[in-house]
>>> print(open('work12.txt').read())   # compact mmCIF, C-alpha atoms and all ligand atoms
# COMPACT_ATOMS: atom_id res chain seq x y z
CA MET A 498 17.41 32.18 71.06
CA ALA A 499 19.83 35.09 70.94
CA ASP A 500 21.88 35.98 74.02
CA ILE A 501 19.32 36.96 76.63
CA LYS A 502 21.40 39.36 78.75
CA ASP A 503 21.08 42.34 76.42
CA ARG A 504 17.32 41.98 76.08
CA ILE A 505 16.80 41.69 79.83
CA ALA A 506 19.11 44.65 80.47
CA ARG A 507 17.26 46.81 77.94
CA GLU A 508 13.65 45.76 78.54
CA VAL A 509 13.59 44.90 82.26
CA LEU A 510 16.63 46.08 84.23
CA ALA A 511 16.92 49.60 82.83
CA PRO A 512 13.22 50.57 83.05
CA LYS A 513 12.96 49.26 86.61
CA ASP A 514 16.41 50.41 87.71
CA LEU A 515 17.44 46.87 88.73
CA ASP A 516 20.85 45.19 88.85
CA ALA A 517 19.54 41.68 88.12
CA ILE A 518 16.52 39.38 88.17
CA VAL A 519 15.95 35.98 89.75
CA VAL A 520 13.54 33.77 87.79
CA THR A 521 11.79 30.61 88.99
CA ASP A 522 8.33 30.75 87.34
CA GLN A 523 8.25 27.67 85.10
CA TYR A 524 7.06 29.56 82.02
CA ASN A 525 9.43 32.52 82.36
CA PHE A 526 12.23 30.09 83.15
CA HIS A 527 11.53 28.10 79.98
CA TYR A 528 11.06 31.19 77.82
CA LEU A 529 14.26 32.91 78.91
CA SER A 530 16.56 29.90 79.14
CA GLY A 531 15.16 27.61 76.44
CA PHE A 532 15.16 24.80 79.01
CA ASP A 533 11.85 23.23 80.10
CA GLY A 534 13.00 22.04 83.52
CA GLU A 535 13.51 23.16 87.10
CA GLY A 536 15.94 25.59 88.63
CA GLU A 537 16.45 29.30 88.94
CA LEU A 538 17.95 31.93 86.69
CA LEU A 539 20.07 34.87 87.74
CA ILE A 540 20.33 37.38 84.90
CA SER A 541 22.19 40.69 84.99
CA ALA A 542 23.59 42.85 82.19
CA GLY A 543 26.85 40.93 82.42
CA ARG A 544 25.87 37.40 83.35
CA ALA A 545 23.20 34.75 82.70
CA VAL A 546 23.38 31.83 85.10
CA LEU A 547 21.10 28.80 85.41
CA ILE A 548 21.30 27.10 88.80
CA THR A 549 19.91 23.56 88.99
CA ASP A 550 20.57 20.13 90.46
CA SER A 551 21.98 16.90 89.09
CA ARG A 552 18.59 15.69 87.79
CA TYR A 553 18.71 18.42 85.16
CA THR A 554 22.32 19.51 84.65
CA ILE A 555 23.00 17.77 81.32
CA ALA A 556 19.75 18.85 79.67
CA ALA A 557 20.03 22.35 81.14
CA ARG A 558 23.47 22.78 79.54
CA GLU A 559 22.21 21.54 76.18
CA PHE A 560 19.07 23.66 75.99
CA SER A 561 20.25 26.89 77.62
CA ALA A 562 23.56 27.23 75.78
CA PRO A 563 22.09 29.05 72.73
CA ALA A 564 20.72 31.78 75.03
CA GLY A 565 24.17 32.17 76.60
CA PHE A 566 23.63 30.59 80.02
CA GLU A 567 26.33 29.26 82.28
CA VAL A 568 24.94 26.26 84.23
CA ILE A 569 25.93 25.82 87.86
CA GLU A 570 24.94 22.66 89.74
CA TYR A 571 24.02 22.94 93.39
CA ASN A 572 24.17 20.13 95.93
CA SER A 573 24.57 19.71 99.67
CA GLY A 574 28.26 20.61 99.50
CA HIS A 575 27.60 23.60 97.21
CA PRO A 576 24.24 25.05 98.31
CA ARG A 577 22.15 27.58 96.40
CA LYS A 578 22.60 30.13 99.15
CA GLU A 579 26.36 30.08 98.74
CA ILE A 580 26.19 30.14 94.94
CA LEU A 581 23.73 33.04 94.76
CA ASN A 582 25.45 35.15 97.43
CA GLY A 583 28.80 34.51 95.74
CA LEU A 584 27.55 35.65 92.31
CA LEU A 585 25.77 38.72 93.68
CA SER A 586 28.72 39.97 95.71
CA GLU A 587 31.28 39.17 92.98
CA ASP A 588 29.37 41.33 90.48
CA GLY A 589 28.20 43.98 92.98
CA LEU A 590 24.51 43.25 92.29
CA HIS A 591 22.27 44.80 94.92
CA LYS A 592 18.75 45.57 93.72
CA ILE A 593 17.22 42.33 92.47
CA GLY A 594 13.82 41.79 90.84
CA PHE A 595 11.65 38.83 91.88
CA GLU A 596 8.47 37.41 90.36
CA ASP A 597 5.79 38.52 92.79
CA LEU A 598 3.04 37.19 90.48
CA SER A 599 4.13 33.58 90.90
CA LEU A 600 6.35 33.30 94.00
CA THR A 601 4.55 32.26 97.16
CA VAL A 602 4.91 34.46 100.24
CA ALA A 603 6.94 31.63 101.82
CA GLU A 604 9.33 31.49 98.85
CA LEU A 605 9.89 35.24 98.91
CA GLU A 606 10.60 35.06 102.65
CA LYS A 607 13.10 32.29 101.97
CA TYR A 608 14.94 34.55 99.50
CA ARG A 609 14.86 37.38 102.05
CA LYS A 610 16.60 35.16 104.57
CA MET A 611 18.94 33.55 102.05
CA LEU A 612 20.12 36.86 100.56
CA PRO A 613 20.21 39.29 103.52
CA ASP A 614 22.31 41.94 101.78
CA ILE A 615 20.10 42.60 98.76
CA GLU A 616 17.19 44.93 98.10
CA ILE A 617 14.17 42.97 96.88
CA ALA A 618 12.15 44.59 94.07
CA LEU A 619 8.94 43.23 92.54
CA LEU A 620 8.80 42.55 88.82
CA GLY A 621 5.02 42.66 88.39
CA GLU A 622 4.17 41.88 84.76
CA ALA A 623 7.63 42.78 83.39
CA LEU A 624 8.56 39.21 82.37
CA ASP A 625 5.07 38.25 81.21
CA ALA A 626 5.18 41.31 78.96
CA LEU A 627 8.23 39.88 77.17
CA ARG A 628 6.17 36.84 76.22
CA MET A 629 3.18 38.72 74.79
CA VAL A 630 4.57 39.13 71.27
CA LYS A 631 5.40 35.76 69.74
CA SER A 632 8.33 35.26 67.38
CA PRO A 633 7.81 33.55 64.00
CA ASP A 634 9.29 30.35 65.50
CA GLU A 635 6.84 30.43 68.40
CA ILE A 636 3.91 31.08 66.03
CA ALA A 637 4.95 28.10 63.88
CA LEU A 638 4.92 25.81 66.94
CA MET A 639 1.51 27.09 68.02
CA GLU A 640 0.14 26.61 64.53
CA GLU A 641 1.32 23.00 64.54
CA ALA A 642 -0.18 22.55 68.03
CA GLU A 643 -3.53 23.86 66.75
CA HIS A 644 -3.32 21.56 63.70
CA ILE A 645 -2.79 18.58 66.01
CA GLY A 646 -6.14 19.58 67.51
CA ASP A 647 -7.68 19.81 64.02
CA ARG A 648 -6.54 16.29 63.17
CA ALA A 649 -7.71 14.93 66.53
CA LEU A 650 -11.18 16.43 66.04
CA GLU A 651 -11.46 14.87 62.59
CA ALA A 652 -10.48 11.51 64.07
CA VAL A 653 -13.07 11.57 66.87
CA LEU A 654 -16.12 12.95 65.02
CA PRO A 655 -17.16 9.46 63.81
CA LEU A 656 -17.06 8.24 67.42
CA ILE A 657 -19.66 10.75 68.66
CA LYS A 658 -22.76 8.60 68.85
CA PRO A 659 -25.46 7.96 71.46
CA GLY A 660 -23.97 5.79 74.19
CA ILE A 661 -20.38 7.02 74.31
CA THR A 662 -19.82 8.83 77.60
CA GLU A 663 -18.31 12.28 78.08
CA LEU A 664 -15.30 10.68 79.78
CA GLU A 665 -14.79 8.18 76.98
CA LEU A 666 -14.96 10.92 74.36
CA ALA A 667 -12.50 13.11 76.31
CA CYS A 668 -10.17 10.11 76.46
CA GLU A 669 -10.47 9.58 72.68
CA ILE A 670 -9.70 13.27 72.02
CA GLU A 671 -6.60 13.13 74.23
CA TYR A 672 -5.46 9.85 72.70
CA ALA A 673 -5.91 11.28 69.19
CA MET A 674 -3.94 14.42 70.08
CA LYS A 675 -1.08 12.30 71.48
CA ARG A 676 -1.12 10.09 68.42
CA GLU A 677 -0.89 13.21 66.25
CA GLY A 678 2.20 14.49 68.07
CA ALA A 679 1.01 16.14 71.30
CA MET A 680 3.49 16.01 74.15
CA GLY A 681 0.91 16.93 76.77
CA PHE A 682 -2.33 18.83 77.22
CA SER A 683 -2.79 22.56 77.75
CA PHE A 684 -5.67 22.02 80.20
CA GLU A 685 -8.13 19.35 81.27
CA THR A 686 -10.16 18.37 78.19
CA ILE A 687 -13.78 19.49 78.37
CA VAL A 688 -16.57 17.36 76.94
CA ALA A 689 -19.96 18.74 77.95
CA SER A 690 -23.11 17.15 76.57
CA GLY A 691 -26.81 17.91 76.78
CA LEU A 692 -27.71 20.05 79.80
CA ASN A 693 -24.04 19.91 80.90
CA SER A 694 -23.11 22.06 77.90
CA ALA A 695 -24.56 25.04 79.82
CA ARG A 696 -21.53 24.75 82.12
CA PRO A 697 -18.62 26.43 80.30
CA HIS A 698 -15.93 24.58 82.28
CA HIS A 699 -17.75 21.29 82.79
CA ARG A 700 -15.67 18.31 83.92
CA PRO A 701 -16.47 15.24 81.78
CA THR A 702 -18.61 12.63 83.57
CA ASP A 703 -19.87 9.13 82.88
CA LYS A 704 -23.04 10.61 81.34
CA PRO A 705 -23.71 8.90 78.01
CA ILE A 706 -24.19 11.18 75.05
CA GLU A 707 -27.80 11.13 73.85
CA LYS A 708 -29.67 11.94 70.65
CA GLY A 709 -30.48 15.66 70.55
CA ASP A 710 -27.52 16.68 72.74
CA PHE A 711 -25.26 19.59 72.10
CA VAL A 712 -21.72 18.25 72.61
CA THR A 713 -19.13 20.92 73.37
CA MET A 714 -15.51 19.80 73.10
CA ASP A 715 -12.82 22.20 74.33
CA PHE A 716 -9.34 20.77 74.05
CA GLY A 717 -5.73 21.80 73.66
CA CYS A 718 -2.36 20.15 73.46
CA ILE A 719 1.23 21.08 74.17
CA TYR A 720 3.64 20.80 71.26
CA LYS A 721 7.31 21.53 71.95
CA GLY A 722 6.24 23.55 74.98
CA TYR A 723 3.53 25.59 73.25
CA CYS A 724 -0.22 25.34 73.88
CA SER A 725 -3.15 25.03 71.53
CA ASP A 726 -6.79 25.73 72.36
CA MET A 727 -9.89 24.98 70.31
CA THR A 728 -13.59 24.42 70.92
CA ARG A 729 -16.23 22.96 68.68
CA THR A 730 -19.87 22.20 69.48
CA VAL A 731 -21.84 19.62 67.50
CA VAL A 732 -25.39 18.29 67.70
CA VAL A 733 -26.11 14.55 67.90
CA GLY A 734 -28.95 13.97 65.46
CA LYS A 735 -30.96 16.81 63.95
CA ALA A 736 -30.68 20.19 65.65
CA SER A 737 -33.90 21.79 66.92
CA GLU A 738 -34.82 25.29 65.76
CA ARG A 739 -33.71 26.75 69.09
CA GLN A 740 -30.40 24.88 68.94
CA LYS A 741 -29.85 26.26 65.44
CA GLU A 742 -30.62 29.81 66.57
CA VAL A 743 -28.23 29.62 69.53
CA TYR A 744 -25.51 27.98 67.43
CA HIS A 745 -25.72 30.55 64.64
CA THR A 746 -25.70 33.44 67.09
CA VAL A 747 -22.46 32.13 68.60
CA LEU A 748 -21.01 31.43 65.16
CA ASN A 749 -21.82 34.95 63.93
CA ALA A 750 -20.22 36.40 67.07
CA GLN A 751 -17.14 34.23 66.60
CA LEU A 752 -16.72 35.10 62.92
CA ALA A 753 -17.20 38.81 63.67
CA GLY A 754 -14.63 38.64 66.48
CA VAL A 755 -12.05 37.07 64.16
CA GLU A 756 -12.88 39.65 61.48
CA ALA A 757 -12.42 42.48 64.00
CA LEU A 758 -9.19 41.24 65.60
CA ARG A 759 -6.39 43.52 64.40
CA PRO A 760 -3.50 45.63 65.67
CA GLY A 761 -4.39 49.02 67.11
CA LEU A 762 -7.60 47.90 68.81
CA LYS A 763 -7.80 47.33 72.55
CA GLY A 764 -8.71 43.86 73.79
CA LYS A 765 -12.01 45.28 75.06
CA ASP A 766 -12.90 46.63 71.61
CA VAL A 767 -12.73 43.17 70.05
CA ASP A 768 -14.69 41.69 72.96
CA ALA A 769 -17.40 44.29 72.35
CA VAL A 770 -17.81 43.33 68.68
CA SER A 771 -18.77 39.73 69.51
CA ARG A 772 -20.63 40.63 72.71
CA ASP A 773 -22.84 43.15 70.89
CA ILE A 774 -23.95 40.47 68.42
CA ILE A 775 -24.93 38.12 71.23
CA LYS A 776 -26.69 40.96 73.08
CA ALA A 777 -28.58 42.06 69.98
CA ALA A 778 -29.86 38.51 69.54
CA GLY A 779 -31.23 38.63 73.09
CA TYR A 780 -28.68 36.30 74.69
CA GLY A 781 -26.42 38.86 76.40
CA GLU A 782 -27.06 37.51 79.90
CA TYR A 783 -25.93 34.03 78.80
CA PHE A 784 -22.39 35.03 77.78
CA GLY A 785 -20.62 35.50 81.09
CA HIS A 786 -16.93 35.14 80.28
CA GLY A 787 -14.46 37.19 78.25
CA LEU A 788 -14.20 36.69 74.49
CA GLY A 789 -10.68 35.29 74.60
CA HIS A 790 -7.18 35.21 75.94
CA SER A 791 -3.66 34.94 74.76
CA ALA A 792 -1.72 31.68 75.02
CA GLY A 793 1.85 30.54 74.60
CA LEU A 794 3.93 28.40 76.92
CA PHE A 795 0.98 28.76 79.32
CA ILE A 796 -2.66 28.39 78.30
CA HIS A 797 -4.00 31.66 79.71
CA GLU A 798 -1.71 34.60 78.95
CA SER A 799 -2.20 38.30 78.28
CA PRO A 800 -3.39 40.37 76.55
CA ARG A 801 -6.96 39.16 76.89
CA LEU A 802 -10.05 39.95 74.86
CA SER A 803 -12.34 41.00 77.69
CA PRO A 804 -14.48 44.00 78.69
CA SER A 805 -11.68 45.23 81.00
CA GLU A 806 -8.66 44.73 78.70
CA GLU A 807 -7.16 48.17 77.97
CA ARG A 808 -3.99 46.90 76.28
CA VAL A 809 -3.65 47.62 72.60
CA LEU A 810 -3.14 44.61 70.34
CA VAL A 811 0.02 44.36 68.24
CA PRO A 812 1.23 41.98 65.51
CA GLY A 813 2.51 38.74 67.04
CA ASN A 814 -0.12 38.57 69.79
CA ILE A 815 -1.89 35.22 69.88
CA GLU A 816 -5.57 35.42 70.87
CA THR A 817 -8.37 32.91 71.22
CA VAL A 818 -11.78 34.03 70.00
CA GLU A 819 -14.31 31.98 71.96
CA PRO A 820 -17.79 33.41 72.46
CA GLY A 821 -20.44 31.22 74.02
CA ILE A 822 -24.07 31.11 75.06
CA TYR A 823 -24.92 28.96 78.09
CA ILE A 824 -28.55 28.49 79.13
CA ASP A 825 -29.22 26.53 82.30
CA GLY A 826 -31.84 23.86 81.64
CA PHE A 827 -31.28 23.99 77.87
CA GLY A 828 -27.59 23.69 77.02
CA GLY A 829 -24.85 25.76 75.52
CA VAL A 830 -22.54 26.42 72.62
CA ARG A 831 -18.96 27.66 72.42
CA ILE A 832 -16.83 27.97 69.31
CA GLU A 833 -13.14 28.78 69.68
CA ASP A 834 -10.16 29.28 67.41
CA MET A 835 -6.68 30.48 68.22
CA CYS A 836 -5.57 33.39 65.99
CA VAL A 837 -2.36 35.32 65.45
CA VAL A 838 -2.55 39.10 65.07
CA THR A 839 -0.87 40.13 61.81
CA GLU A 840 0.14 43.53 60.38
CA ASP A 841 -3.34 44.25 59.07
CA GLY A 842 -5.72 41.82 60.78
CA CYS A 843 -5.39 38.30 62.05
CA ARG A 844 -4.99 34.75 60.81
CA SER A 845 -6.82 31.82 62.36
CA LEU A 846 -4.47 28.96 63.19
CA ALA A 847 -7.31 26.41 63.23
CA LEU A 848 -8.53 24.65 60.10
CA SER A 849 -11.55 22.78 61.52
CA PRO A 850 -14.90 23.76 60.02
CA LYS A 851 -17.29 25.84 62.08
CA ASP A 852 -20.60 25.28 60.27
CA LEU A 853 -23.08 23.37 62.40
CA ILE A 854 -22.29 19.66 62.36
CA GLU A 855 -25.26 17.33 62.94
CA LEU A 856 -24.03 13.79 63.58
N1 LIG A 901 -10.93 25.81 78.52
C1 LIG A 901 -9.89 26.72 78.44
C2 LIG A 901 -10.13 27.83 77.53
O1 LIG A 901 -10.69 27.69 76.46
O2 LIG A 901 -9.73 28.91 77.79
MN MN A 902 -10.56 26.30 75.03
MN MN A 903 -9.50 29.35 75.49
>>> encode(input="work12.txt", output="structure tokens")
Amino acid sequence: MADIKDRIAREVLAPKDLDAIVVTDQYNFHYLSGFDGEGELLISAGRAVLITDSRYTIAAREFSAPAGFEVIEYNSGHPRKEILNGLLSEDGLHKIGFEDLSLTVAELEKYRKMLPDIEIALLGEALDALRMVKSPDEIALMEEAEHIGDRALEAVLPLIKPGITELELACEIEYAMKREGAMGFSFETIVASGLNSARPHHRPTDKPIEKGDFVTMDFGCIYKGYCSDMTRTVVVGKASERQKEVYHTVLNAQLAGVEALRPGLKGKDVDAVSRDIIKAAGYGEYFGHGLGHSAGLFIHESPRLSPSEERVLVPGNIETVEPGIYIDGFGGVRIEDMCVVTEDGCRSLALSPKDLIEL
């Protein structure tokens, strides 16, 4: 990453009339410093400092050097309070931005007491906004993360048979993702079968999968810090006519959403394209969540594809497109791909087929 001071000065300090920012949110910390660890950043126009403890000092130096950080180690003889106050007074930094979206009230109070001479300002979405447009390097990592999911799905499809439980299948999906290169998981893997598939965020149970079940698998991994997210729904045995109708309605909505996703549209416009298809088929009341969300270092980022998203999409946004229909007492279907917004449309990062699979 290029030296971060100039970008922060231009895109955050100047518009908000700040002298510096203090960063502790794990995702902003990682994004700005290049280091996936713990500590705090103090960034002004003239200085980028990473303050951490001896558990992290060596790695922090290695990973944050390309972004131009100086690493300072704190300990009982050299406390954070002393380090921060020293840096602020040395450089005459007074108005400091803090991350009100992630700091707890207690943490902000601690800063108030620790730094009595400063003016505390709230950053709002200013740092999250920096992360909304992904660089080509970030997109390449997310594409590989999504492909790990593709390979894991291919590996587990032959295991989906009557008798295997939701928990066992979730375990197989996670094992396959790890074997394919995942370093962690973006969220708790969802395997929802039969009537449970009507619960969009079902937690896998010891319910055995049965003939005739919809099986919805929603899974994502972390690859070099970046998240993937994908959902596929299959039928065990032959699908009934109603299952086929619900599946194809969701598939049409998903394909239309991907087709519509492009720069210049608002997130709510893309949501409406898929939602209208589901409504027209008579299932509007069974699609309760937004069409999609962005992802990156964190699984749920902005901009979103939802009825209330007013932000305009731009090239480099990553968006999931994940419509669903969930009918209590019957079951549900969700199909989800992660896509990158390009200059004239979007490109799906997932390769897994979306036609109905009957196992
Ligand atoms: N289950 C997380 C998501 O798809 O957003
Ligand atoms: Mn998902
Ligand atoms: Mn998602």
>>> closest_residue(input="work12.txt", among="A:Val688, A:Leu856, A:Val837, A:Ile593", to="ligand MN 902 (chain A)", atoms="all atoms listed in the file")
A:Val688
>>> residues_around(input="work12.txt", residues="A:Leu664", least_positions_apart="3", cutoff="6 Å", atoms="all atoms listed in the file", output="number ranges by chain")
A: 667, 701-703
>>> residues_near_point(input="work12.txt", point="(-5.7, 20.1, 77.5)", cutoff="8 Å", atoms="only C-alpha atoms", output="ChimeraX atom specification")
/A:671,681-686,716-719,726
>>> residues_around(input="work12.txt", residues="A:Lys851", least_positions_apart="2", cutoff="8 Å", atoms="all atoms listed in the file", output="list in words")
Arg729, Leu748, Ile832, Ser849, Leu853 and Ile854 of chain A
>>> residues_near_ligand(input="work12.txt", ligand="ligand MN 903 (chain A)", cutoff="7 Å", atoms="all atoms listed in the file", output="list in words")
Asp726, Met727, Gly789, His790, Thr817, Glu819 and Glu833 of chain A
>>> axis_aligned_box(input="work12.txt", around="stretch 573-592 of chain A", padding_each_side="8 Å", output="JSON")
{"center_x": 25.0, "center_y": 32.6, "center_z": 95.1, "size_x": 28.5, "size_y": 41.9, "size_z": 25.2}
>>> atom_distance(input="work12.txt", atom1="atom CA of A:Ile548", atom2="atom CA of A:Leu605")
17.3 Å
>>> atom_distance(input="work12.txt", atom1="atom CA of A:Glu665", atom2="atom O1 of ligand LIG 901 (chain A)")
19.9 Å
>>> residues_near_point(input="work12.txt", point="(-14.9, 31.1, 72.7)", cutoff="12 Å", atoms="all atoms listed in the file", output="PDB file with C-alpha atoms, in the frame of the given file")
ATOM      1  CA  PRO A 697     -18.620  26.430  80.300  1.00  0.00           C
ATOM      2  CA  HIS A 698     -15.930  24.580  82.280  1.00  0.00           C
ATOM      3  CA  THR A 713     -19.130  20.920  73.370  1.00  0.00           C
ATOM      4  CA  MET A 714     -15.510  19.800  73.100  1.00  0.00           C
ATOM      5  CA  ASP A 715     -12.820  22.200  74.330  1.00  0.00           C
ATOM      6  CA  PHE A 716      -9.340  20.770  74.050  1.00  0.00           C
ATOM      7  CA  ASP A 726      -6.790  25.730  72.360  1.00  0.00           C
ATOM      8  CA  MET A 727      -9.890  24.980  70.310  1.00  0.00           C
ATOM      9  CA  THR A 728     -13.590  24.420  70.920  1.00  0.00           C
ATOM     10  CA  ARG A 729     -16.230  22.960  68.680  1.00  0.00           C
ATOM     11  CA  THR A 730     -19.870  22.200  69.480  1.00  0.00           C
ATOM     12  CA  VAL A 747     -22.460  32.130  68.600  1.00  0.00           C
ATOM     13  CA  LEU A 748     -21.010  31.430  65.160  1.00  0.00           C
ATOM     14  CA  ASN A 749     -21.820  34.950  63.930  1.00  0.00           C
ATOM     15  CA  ALA A 750     -20.220  36.400  67.070  1.00  0.00           C
ATOM     16  CA  GLN A 751     -17.140  34.230  66.600  1.00  0.00           C
ATOM     17  CA  LEU A 752     -16.720  35.100  62.920  1.00  0.00           C
ATOM     18  CA  GLY A 754     -14.630  38.640  66.480  1.00  0.00           C
ATOM     19  CA  VAL A 755     -12.050  37.070  64.160  1.00  0.00           C
ATOM     20  CA  ASP A 768     -14.690  41.690  72.960  1.00  0.00           C
ATOM     21  CA  SER A 771     -18.770  39.730  69.510  1.00  0.00           C
ATOM     22  CA  ARG A 772     -20.630  40.630  72.710  1.00  0.00           C
ATOM     23  CA  PHE A 784     -22.390  35.030  77.780  1.00  0.00           C
ATOM     24  CA  GLY A 785     -20.620  35.500  81.090  1.00  0.00           C
ATOM     25  CA  HIS A 786     -16.930  35.140  80.280  1.00  0.00           C
ATOM     26  CA  GLY A 787     -14.460  37.190  78.250  1.00  0.00           C
ATOM     27  CA  LEU A 788     -14.200  36.690  74.490  1.00  0.00           C
ATOM     28  CA  GLY A 789     -10.680  35.290  74.600  1.00  0.00           C
ATOM     29  CA  HIS A 790      -7.180  35.210  75.940  1.00  0.00           C
ATOM     30  CA  LEU A 802     -10.050  39.950  74.860  1.00  0.00           C
ATOM     31  CA  SER A 803     -12.340  41.000  77.690  1.00  0.00           C
ATOM     32  CA  GLU A 816      -5.570  35.420  70.870  1.00  0.00           C
ATOM     33  CA  THR A 817      -8.370  32.910  71.220  1.00  0.00           C
ATOM     34  CA  VAL A 818     -11.780  34.030  70.000  1.00  0.00           C
ATOM     35  CA  GLU A 819     -14.310  31.980  71.960  1.00  0.00           C
ATOM     36  CA  PRO A 820     -17.790  33.410  72.460  1.00  0.00           C
ATOM     37  CA  GLY A 821     -20.440  31.220  74.020  1.00  0.00           C
ATOM     38  CA  ILE A 822     -24.070  31.110  75.060  1.00  0.00           C
ATOM     39  CA  TYR A 823     -24.920  28.960  78.090  1.00  0.00           C
ATOM     40  CA  GLY A 829     -24.850  25.760  75.520  1.00  0.00           C
ATOM     41  CA  VAL A 830     -22.540  26.420  72.620  1.00  0.00           C
ATOM     42  CA  ARG A 831     -18.960  27.660  72.420  1.00  0.00           C
ATOM     43  CA  ILE A 832     -16.830  27.970  69.310  1.00  0.00           C
ATOM     44  CA  GLU A 833     -13.140  28.780  69.680  1.00  0.00           C
ATOM     45  CA  ASP A 834     -10.160  29.280  67.410  1.00  0.00           C
ATOM     46  CA  MET A 835      -6.680  30.480  68.220  1.00  0.00           C
ATOM     47  CA  CYS A 836      -5.570  33.390  65.990  1.00  0.00           C
TER      48      CYS A 836
END
>>> closest_residue(input="work12.txt", among="A:His699, A:Arg676, A:Lys721, A:Lys610", to="A:Leu638", atoms="all atoms listed in the file")
A:Lys721
>>> residues_around(input="work12.txt", residues="A:Asn582", least_positions_apart="5", cutoff="9 Å", atoms="all atoms listed in the file", output="PyMOL selection string")
chain A and resi 577+587+611-612+614
>>> closest_residue(input="work12.txt", among="A:Arg696, A:Lys708, A:Lys741, A:Lys765", to="ligand LIG 901 (chain A)", atoms="only C-alpha atoms and all ligand atoms")
A:Arg696
>>> atom_distance(input="work12.txt", atom1="atom CA of A:Arg648", atom2="atom CA of A:Ile670")
9.9 Å
>>> closest_residue(input="work12.txt", among="A:Gly779, A:Gly646, A:Gly709, A:Ile796", to="A:Glu742", atoms="only C-alpha atoms")
A:Gly779
>>> residues_around(input="work12.txt", residues="A:Phe566", least_positions_apart="4", cutoff="7 Å", atoms="only C-alpha atoms", output="count of residues only")
5
>>> residues_around(input="work12.txt", residues="A:Tyr553", least_positions_apart="2", cutoff="10 Å", atoms="only C-alpha atoms", output="MDAnalysis selection string")
chainID A and resid 532:536 548:551 555:558 570
>>> closest_residue(input="work12.txt", among="A:Ala689, A:Cys724, A:Val743, A:Ile706", to="A:Ala637", atoms="all atoms listed in the file")
A:Cys724
>>> closest_residue(input="work12.txt", among="A:Leu590, A:Ala564, A:Ala623, A:Ile580", to="A:Arg507", atoms="only C-alpha atoms")
A:Ala623
>>> closest_atom_pairs(input="work12.txt", of="stretch 617-669 of chain A", to="stretch 510-525 of chain A", cutoff="12 Å", atoms="only C-alpha atoms", output="tab-separated table")
residue	atom	partner	partner_atom	distance
A:Ile617	CA	A:Leu515	CA	9.6
A:Ala618	CA	A:Leu515	CA	7.9
A:Leu619	CA	A:Lys513	CA	9.4
A:Leu620	CA	A:Lys513	CA	8.2
A:Gly621	CA	A:Lys513	CA	10.5
A:Glu622	CA	A:Asn525	CA	11.0
A:Ala623	CA	A:Lys513	CA	9.0
A:Leu624	CA	A:Asn525	CA	6.7
A:Asp625	CA	A:Asn525	CA	7.3
A:Ala626	CA	A:Asn525	CA	10.3
A:Leu627	CA	A:Asn525	CA	9.1
A:Arg628	CA	A:Asn525	CA	8.2
A:Met629	CA	A:Asn525	CA	11.6
>>> write_last_selection(input="work12.txt", atoms="C-alpha atoms", output="PDB file, in the frame of the given file")
ATOM      1  CA  ILE A 617      14.170  42.970  96.880  1.00  0.00           C
ATOM      2  CA  ALA A 618      12.150  44.590  94.070  1.00  0.00           C
ATOM      3  CA  LEU A 619       8.940  43.230  92.540  1.00  0.00           C
ATOM      4  CA  LEU A 620       8.800  42.550  88.820  1.00  0.00           C
ATOM      5  CA  GLY A 621       5.020  42.660  88.390  1.00  0.00           C
ATOM      6  CA  GLU A 622       4.170  41.880  84.760  1.00  0.00           C
ATOM      7  CA  ALA A 623       7.630  42.780  83.390  1.00  0.00           C
ATOM      8  CA  LEU A 624       8.560  39.210  82.370  1.00  0.00           C
ATOM      9  CA  ASP A 625       5.070  38.250  81.210  1.00  0.00           C
ATOM     10  CA  ALA A 626       5.180  41.310  78.960  1.00  0.00           C
ATOM     11  CA  LEU A 627       8.230  39.880  77.170  1.00  0.00           C
ATOM     12  CA  ARG A 628       6.170  36.840  76.220  1.00  0.00           C
ATOM     13  CA  MET A 629       3.180  38.720  74.790  1.00  0.00           C
TER      14      MET A 629
END
>>> decode(input="work12.txt", residues="stretch 592-599 of chain A", atoms="N, CA and C atoms", output="JSON list (two decimals), in the first residue's frame")
[["chain", "number", "residue", "atom", "x", "y", "z"],
["A", 592, "LYS", "N", -7.57, 18.65, 17.25],
["A", 592, "LYS", "CA", -8.90, 18.11, 16.95],
["A", 592, "LYS", "C", -8.73, 16.71, 16.32],
["A", 593, "ILE", "N", -9.16, 15.69, 17.07],
["A", 593, "ILE", "CA", -8.85, 14.31, 16.67],
["A", 593, "ILE", "C", -10.15, 13.55, 16.40],
["A", 594, "GLY", "N", -10.18, 12.83, 15.29],
["A", 594, "GLY", "CA", -11.35, 12.04, 14.93],
["A", 594, "GLY", "C", -11.28, 10.64, 15.51],
["A", 595, "PHE", "N", -12.41, 10.18, 16.06],
["A", 595, "PHE", "CA", -12.52, 8.82, 16.62],
["A", 595, "PHE", "C", -13.65, 8.07, 15.95],
["A", 596, "GLU", "N", -13.57, 6.73, 16.01],
["A", 596, "GLU", "CA", -14.53, 5.89, 15.29],
["A", 596, "GLU", "C", -15.78, 5.62, 16.15],
["A", 597, "ASP", "N", -16.72, 6.54, 16.07],
["A", 597, "ASP", "CA", -17.93, 6.39, 16.88],
["A", 597, "ASP", "C", -18.77, 5.18, 16.49],
["A", 598, "LEU", "N", -18.59, 4.65, 15.25],
["A", 598, "LEU", "CA", -19.40, 3.51, 14.84],
["A", 598, "LEU", "C", -18.94, 2.20, 15.48],
["A", 599, "SER", "N", -17.70, 2.17, 15.96],
["A", 599, "SER", "CA", -17.24, 0.90, 16.55],
["A", 599, "SER", "C", -16.74, 1.02, 17.98]]
